[in-house]
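Structure record follows, encoded as structure tokens.
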Amino acid sequence: GLLECCARCLVGAPFASLVATGLCFFGVALFCGCGHEALTGTEKLIETYFSKNYQDYEYLINVIHAFQYVIYGTASFFFLYGALLLAEGFYTTGAVRQIFGDYKTTICGKGLSATVTGGQKGRGSRGQHQAHSLERVCHCLGKWLGHPDKFVGITYALTIVWLLVFACSAVPVYIYFNTWTTCQSIASPSKTSASIGSLCADARMYGVLPWNAFPGKVCGSNLLSICKTAEFQMTFHLFIAAFVGAAATLVSLLTFMIAATYNFAVLKLMGRGTKF
């Protein structure tokens with residue numbers, strides 16, 4: 001009945017891929033959404049407080065806009081690739097569990113596993129072919145998804161690239177954290193031996209602005225007033241959220257890679273070859 005069908009579906013579900021897909025979508029959405037708004041906030045802070053000459057931060061604005069377009073592409077790519085990896089997880093997990101006899105496949109599962117087992121194609125009547133049209137569609141889908149070795153390689157390369165993205169997303173968090181720490185020292189002069197006027201946030205030091213930019217830095221009470229603005233606080237927290245999103249995406253890619261590698265290794269050891 002219905003309960004038995006639901007039970008079979010739950011048993012055959014690739015829970016690791018489901019968790020990784022949800023984590024991937026959540027992480028990418030957090031990284032792209034918060035990163036986009038954080039870059040916009042940084043642009044406003046730079047042009048309002050750190051430089052009065054448009055030529056000083058013109059290159060920075062172009063870079064920010066370029067990164068924002070990259071963010072659009074990243075969100076679209078990960079949405080499609082995450083869905084593809086989830087389909088691959090259903091495919092390979094179903095094949096592995098069918099081998100070990102963990103559950104009975106559905107019509108679609110039988111069509112997908114036909115590419116795994118290398119079973120012979122039926123030669124029934126035309127009516128039988130029409131009755132099993134869904135199975136044939138899933139069989140074609142199985143041929144397309146039947147390359148887990150390639151998915152493992154692509155996901156591995158993508159994980160290496162995203163590891164660099166994760167490291168780069170920590171840079172603005174570090175810059176804003178240093179600025180916030182400097183503001184805390186200005187707000188509590190008794191905790192530091194330096195004079196308040198010498199405590200500054202210099203955007204030129206981080207390569208955000210060229211060295212000839214004026215003023216390029218903000219010091220003392222002026223810097224403290226910037227740190228108290230809602231715009232600075234919001235941008236700082238958005239960069240932290242983007243960093244967390246990048247970390248979540250990295251964990252999801254590692255989970256995808258481990259699950260896909262395990263399924264591929266099992267099917268390989270069971271004599272299925274590299275093409276299923």
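By convention here, the chains of the structure tokens are called A, B, ... in the order presented, each chain's residues are numbered starting at 1, and ligands are numbered starting at 1 in the order presented.
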Next on the checklist: Give me the residues near A:Phe239 as a list in words, where near means some atom within 7 Å (using only C-alpha atoms) and where sequence neighbours in that chain fewer than 4 positions away do not count.
Outcome noted: Cys34, Gly35, Ala38, Pro172, Val173, Thr235 and Phe243 of chain A
Item to check | Residue neighbourhood A:Leu84, 10 Å, only C-alpha atoms, exclusion window fewer than 5 positions, as a ChimeraX atom specification | outcome: /A:21,78-79,89-90,145,151
Pull the helix (DSSP H, G or I) assignments for stretch 182-222 of chain A out of DSSP run on the backbone, and list those residues as a PDB file with N, CA and C atoms, in the first residue's frame.
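File written: result-v2.pdb
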```
ATOM      1  N   THR A 182      40.038  48.260  16.641  1.00  0.00           N
ATOM      2  CA  THR A 182      40.605  49.604  16.805  1.00  0.00           C
ATOM      3  C   THR A 182      39.581  50.553  17.419  1.00  0.00           C
ATOM      4  N   CYS A 183      38.344  50.427  16.993  1.00  0.00           N
ATOM      5  CA  CYS A 183      37.288  51.273  17.562  1.00  0.00           C
ATOM      6  C   CYS A 183      37.072  50.972  19.038  1.00  0.00           C
ATOM      7  N   GLN A 184      37.182  49.706  19.428  1.00  0.00           N
ATOM      8  CA  GLN A 184      37.043  49.358  20.842  1.00  0.00           C
ATOM      9  C   GLN A 184      38.161  49.953  21.673  1.00  0.00           C
ATOM     10  N   SER A 185      39.359  50.029  21.080  1.00  0.00           N
ATOM     11  CA  SER A 185      40.483  50.649  21.782  1.00  0.00           C
ATOM     12  C   SER A 185      40.270  52.150  21.934  1.00  0.00           C
ATOM     13  N   ILE A 186      39.681  52.777  20.910  1.00  0.00           N
ATOM     14  CA  ILE A 186      39.389  54.217  20.995  1.00  0.00           C
ATOM     15  C   ILE A 186      38.306  54.485  22.035  1.00  0.00           C
ATOM     16  N   ALA A 187      37.305  53.598  22.078  1.00  0.00           N
ATOM     17  CA  ALA A 187      36.217  53.776  23.042  1.00  0.00           C
ATOM     18  C   ALA A 187      36.676  53.554  24.474  1.00  0.00           C
ATOM     19  N   PRO A 189      40.082  54.176  26.086  1.00  0.00           N
ATOM     20  CA  PRO A 189      41.484  54.622  26.023  1.00  0.00           C
ATOM     21  C   PRO A 189      42.329  54.134  27.180  1.00  0.00           C
ATOM     22  N   SER A 190      41.721  53.756  28.285  1.00  0.00           N
ATOM     23  CA  SER A 190      42.488  53.271  29.433  1.00  0.00           C
ATOM     24  C   SER A 190      43.116  51.906  29.186  1.00  0.00           C
ATOM     25  N   LYS A 191      42.610  51.186  28.169  1.00  0.00           N
ATOM     26  CA  LYS A 191      43.115  49.845  27.882  1.00  0.00           C
ATOM     27  C   LYS A 191      44.267  49.845  26.888  1.00  0.00           C
ATOM     28  N   ILE A 196      44.719  58.372  21.238  1.00  0.00           N
ATOM     29  CA  ILE A 196      43.534  58.112  20.430  1.00  0.00           C
ATOM     30  C   ILE A 196      43.722  58.584  18.996  1.00  0.00           C
ATOM     31  N   GLY A 197      44.418  59.696  18.813  1.00  0.00           N
ATOM     32  CA  GLY A 197      44.614  60.234  17.468  1.00  0.00           C
ATOM     33  C   GLY A 197      45.477  59.371  16.574  1.00  0.00           C
ATOM     34  N   SER A 198      46.289  58.506  17.185  1.00  0.00           N
ATOM     35  CA  SER A 198      47.167  57.633  16.392  1.00  0.00           C
ATOM     36  C   SER A 198      46.517  56.311  16.022  1.00  0.00           C
ATOM     37  N   ALA A 203      42.570  52.201   4.787  1.00  0.00           N
ATOM     38  CA  ALA A 203      42.131  51.340   3.689  1.00  0.00           C
ATOM     39  C   ALA A 203      43.246  51.083   2.692  1.00  0.00           C
ATOM     40  N   ARG A 204      44.217  51.977   2.622  1.00  0.00           N
ATOM     41  CA  ARG A 204      45.329  51.805   1.688  1.00  0.00           C
ATOM     42  C   ARG A 204      46.234  50.654   2.102  1.00  0.00           C
ATOM     43  N   MET A 205      46.301  50.411   3.405  1.00  0.00           N
ATOM     44  CA  MET A 205      47.177  49.351   3.906  1.00  0.00           C
ATOM     45  C   MET A 205      46.735  47.973   3.432  1.00  0.00           C
ATOM     46  N   TYR A 206      45.447  47.790   3.192  1.00  0.00           N
ATOM     47  CA  TYR A 206      44.917  46.503   2.734  1.00  0.00           C
ATOM     48  C   TYR A 206      44.795  46.422   1.216  1.00  0.00           C
ATOM     49  N   GLY A 220      40.993  58.195  15.233  1.00  0.00           N
ATOM     50  CA  GLY A 220      40.428  58.766  16.436  1.00  0.00           C
ATOM     51  C   GLY A 220      38.916  58.703  16.526  1.00  0.00           C
ATOM     52  N   SER A 221      38.367  59.809  16.986  1.00  0.00           N
ATOM     53  CA  SER A 221      36.916  59.884  17.225  1.00  0.00           C
ATOM     54  C   SER A 221      36.114  59.757  15.932  1.00  0.00           C
ATOM     55  N   ASN A 222      36.702  60.186  14.822  1.00  0.00           N
ATOM     56  CA  ASN A 222      36.003  60.037  13.536  1.00  0.00           C
ATOM     57  C   ASN A 222      35.798  58.561  13.192  1.00  0.00           C
TER      58      ASN A 222
END
```
Next on the checklist: Residues near A:Ser17, anyone? I mean within 9 Å using only C-alpha atoms, not counting same-chain ones fewer than 4 positions away, as an MDAnalysis selection string.
Outcome noted: chainID A and resid 13 21:22 85:90 252 255:256 259:260
Next on the checklist: Would you pick out the contacts of A:Thr42 at 12 Å or less, using only C-alpha atoms, so that residues sharing its chain but fewer than 3 positions from it are not included, and give the list as number ranges by chain?
Outcome noted: A: 35-39, 45-50, 57, 60-61, 63-65, 172-173, 175-176, 203, 208, 231-239
